[in-house]
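Encoded as structure tokens, the structure appears first; notes follow it.
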Amino acid sequence: MSDTPMPGVPGTSTRQYVATIADHLTRPLPTPGFHLLKLHESRDFSSGDPDDDWAELQRVSAEFEAELRDLATALDARWGPHGEMSMEPYAFLDPDEDEGDDEDDDVPPLLRELVRQGWFGDLLHWHTADRVIVASVGHEDKEEPLVLFAAVATDAALTGPACGSP
């Protein structure tokens with residue numbers, strides 16, 4: 001389901017992120033229909049001084065959002081203008097429930113995994129010939145690391161079989 005995270009190395013370039021995404025476009029997709037890629041991960045924010053962590057979290061959050069904007073610019077140049085999709089409709093989802101139990105069955109696998117990770121940031125997406133590329137910044141909880149991530153997926157993994165394109 002998820003690929004091994006790429007180490008969060010400061011200075012990792014947008015070009016490297018794009019190369020990682022492009023490489024995964026050529027790979028067969030696993031059973032759930034997507035590769036989830038951690039492109040950059042911050043430290044956690046659970047030190048003894050919450051005020052220091054809050055200031056650092058704000059600074060790092062701004063850096064990650066800037067990296068996402070740079071990535072979006074590069075992916076726009078390669079695959080055309082991106083679309084946006086809100087994760088807000090999935091905030092109700094209980095990621096610990098087994099699939100097959102209730103109305104959550106209709107939640108596409110990629111969105112279910114993002115909820116399981118606690119990543120509710122709005123998604124940017126691009127369509128290629130037969131895949132969808134998704135990118136965002138995830139942050140599960142105030143003490144947890146920020147994650148710049150991307151996914152390479154089938155349409156069904158992102159929208160479900162009956163939902164259509166995002």
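We name chains A, B, ... following the order of the structure tokens; residues begin at 1 in each chain, and ligands are numbered from 1 as shown.
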Give me, as a Markdown table, the closest atom pair and its distance (Å, one decimal) for every residue of region 107-135 of chain A within a cut-off of 12 Å of region 29-33 of chain A, counting only C-alpha atoms, rows sorted by chain and rising number.
| residue | atom | partner | partner_atom | distance |
| --- | --- | --- | --- | --- |
| A:Pro108 | CA | A:Pro32 | CA | 9.2 |
| A:Pro109 | CA | A:Pro32 | CA | 6.1 |
| A:Leu110 | CA | A:Pro32 | CA | 7.6 |
| A:Leu111 | CA | A:Pro32 | CA | 10.9 |
| A:Arg112 | CA | A:Pro32 | CA | 10.4 |
| A:Glu113 | CA | A:Pro32 | CA | 9.7 |
| A:Asp130 | CA | A:Leu29 | CA | 11.5 |
| A:Arg131 | CA | A:Gly33 | CA | 9.7 |
| A:Val132 | CA | A:Gly33 | CA | 10.5 |
**Message:** Excluding Thr26 (chain A) and its own-chain neighbours fewer than 3 positions away, which residues fall within 12 Å of it when counting only C-alpha atoms? Please give them as number ranges by chain.
**Reply:** A: 19-23, 29, 35, 128-131, 152-153
Requested write-out: C-alpha atoms of the selected residues, as a tab-separated table (two decimals), in the first residue's frame:
chain	number	residue	atom	x	y	z
A	19	ALA	CA	11.86	12.24	-10.64
A	20	THR	CA	10.53	10.05	-7.81
A	21	ILE	CA	6.95	10.62	-8.95
A	22	ALA	CA	7.82	9.97	-12.61
A	23	ASP	CA	9.60	6.74	-11.65
A	29	LEU	CA	0.51	-0.44	-8.95
A	35	HIS	CA	1.84	4.20	-4.43
A	128	THR	CA	-1.69	11.50	-16.97
A	129	ALA	CA	-2.65	8.95	-19.61
A	130	ASP	CA	-3.81	6.28	-17.18
A	131	ARG	CA	-2.85	7.50	-13.72
A	152	VAL	CA	0.49	7.82	-8.01
A	153	ALA	CA	-2.87	6.11	-8.38
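Atom pair CA of Leu71 (chain A) / CA of Val18 (chain A): separated by 7.4 Å.
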**Asked** For Ser136 (chain A), which residue out of A:Ala74, A:Leu57, A:Leu37, A:Ala91 is the nearest one, using only C-alpha atoms?
**Response** A:Leu37
Excluding Ile133 (chain A) and its own-chain neighbours fewer than 2 positions away, which residues fall within 6 Å of it when counting only C-alpha atoms? Please give them as a PDB file with C-alpha atoms, in the first residue's frame.
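After the write, part04.pdb holds the following:
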ATOM      1  CA  HIS A 125      -4.041  16.400  -8.563  1.00  0.00           C
ATOM      2  CA  TRP A 126      -2.917  15.893 -12.161  1.00  0.00           C
ATOM      3  CA  ALA A 151       0.658   9.491  -4.642  1.00  0.00           C
ATOM      4  CA  VAL A 152       0.492   7.819  -8.012  1.00  0.00           C
TER       5      VAL A 152
END
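CA of Lys142 (chain A) is found 19.4 Å from CA of Leu68 (chain A).
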**Request:** Write out as a ChimeraX atom specification each polymer residue whose atoms come within 7 Å of Glu41 (chain A), counting only C-alpha atoms; drop sequence neighbours fewer than 4 positions from it.
**Result:** /A:8,145-148
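Candidate residues A:Met85, A:Phe34, A:Leu25, A:Trp54 were compared for distance to Asp155 (chain A), and the nearest is A:Phe34, using only C-alpha atoms.
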**Item:** DSSP strand (DSSP E or B) selection over region 6-166 of chain A, as an MDAnalysis selection string
**Value:** chainID A and resid 34:41 83:85 123:127 132:139 146:153
**Message:** Considering only alpha helix (DSSP H) as DSSP defines it on the backbone, what residues of region 29-117 of chain A qualify? List them as a PyMOL selection string.
**Reply:** chain A and resi 50-79+109-117
Dump as a JSON list (two decimals), in the first residue's frame, selection limited to C-alpha atoms:
[["chain", "number", "residue", "atom", "x", "y", "z"],
["A", 50, "PRO", "CA", 5.27, 23.59, 23.67],
["A", 51, "ASP", "CA", 5.86, 27.29, 22.92],
["A", 52, "ASP", "CA", 9.16, 26.53, 21.17],
["A", 53, "ASP", "CA", 7.52, 23.67, 19.28],
["A", 54, "TRP", "CA", 4.60, 25.86, 18.19],
["A", 55, "ALA", "CA", 6.93, 28.51, 16.72],
["A", 56, "GLU", "CA", 9.02, 25.82, 15.03],
["A", 57, "LEU", "CA", 5.90, 24.08, 13.71],
["A", 58, "GLN", "CA", 4.71, 27.35, 12.13],
["A", 59, "ARG", "CA", 8.10, 27.91, 10.51],
["A", 60, "VAL", "CA", 8.36, 24.34, 9.20],
["A", 61, "SER", "CA", 4.75, 24.39, 8.01],
["A", 62, "ALA", "CA", 5.48, 27.48, 5.90],
["A", 63, "GLU", "CA", 8.56, 25.73, 4.43],
["A", 64, "PHE", "CA", 6.54, 22.61, 3.54],
["A", 65, "GLU", "CA", 3.77, 24.69, 1.94],
["A", 66, "ALA", "CA", 6.43, 26.49, -0.14],
["A", 67, "GLU", "CA", 7.84, 23.10, -1.21],
["A", 68, "LEU", "CA", 4.33, 22.01, -2.21],
["A", 69, "ARG", "CA", 3.89, 25.20, -4.29],
["A", 70, "ASP", "CA", 7.25, 24.55, -6.00],
["A", 71, "LEU", "CA", 6.27, 20.95, -6.67],
["A", 72, "ALA", "CA", 2.89, 22.03, -8.05],
["A", 73, "THR", "CA", 4.60, 24.50, -10.40],
["A", 74, "ALA", "CA", 6.92, 21.76, -11.69],
["A", 75, "LEU", "CA", 4.09, 19.23, -12.10],
["A", 76, "ASP", "CA", 1.89, 21.87, -13.79],
["A", 77, "ALA", "CA", 4.68, 22.44, -16.32],
["A", 78, "ARG", "CA", 4.92, 18.71, -17.01],
["A", 79, "TRP", "CA", 1.28, 17.52, -16.83],
["A", 109, "PRO", "CA", -8.68, 3.29, -1.10],
["A", 110, "LEU", "CA", -6.25, 6.22, -1.42],
["A", 111, "LEU", "CA", -8.54, 8.55, 0.51],
["A", 112, "ARG", "CA", -9.07, 5.87, 3.17],
["A", 113, "GLU", "CA", -5.28, 5.56, 3.57],
["A", 114, "LEU", "CA", -4.84, 9.34, 3.84],
["A", 115, "VAL", "CA", -7.48, 9.39, 6.59],
["A", 116, "ARG", "CA", -5.70, 6.50, 8.31],
["A", 117, "GLN", "CA", -2.49, 8.55, 8.21]]
**Request:** Within 7 Å of Glu140 (chain A), counting only C-alpha atoms, which residues show up once you throw out same-chain ones fewer than 2 positions away? Write them as a list in words, please.
**Result:** Gln117, Gly118, Trp119, Gly138 and Glu144 of chain A
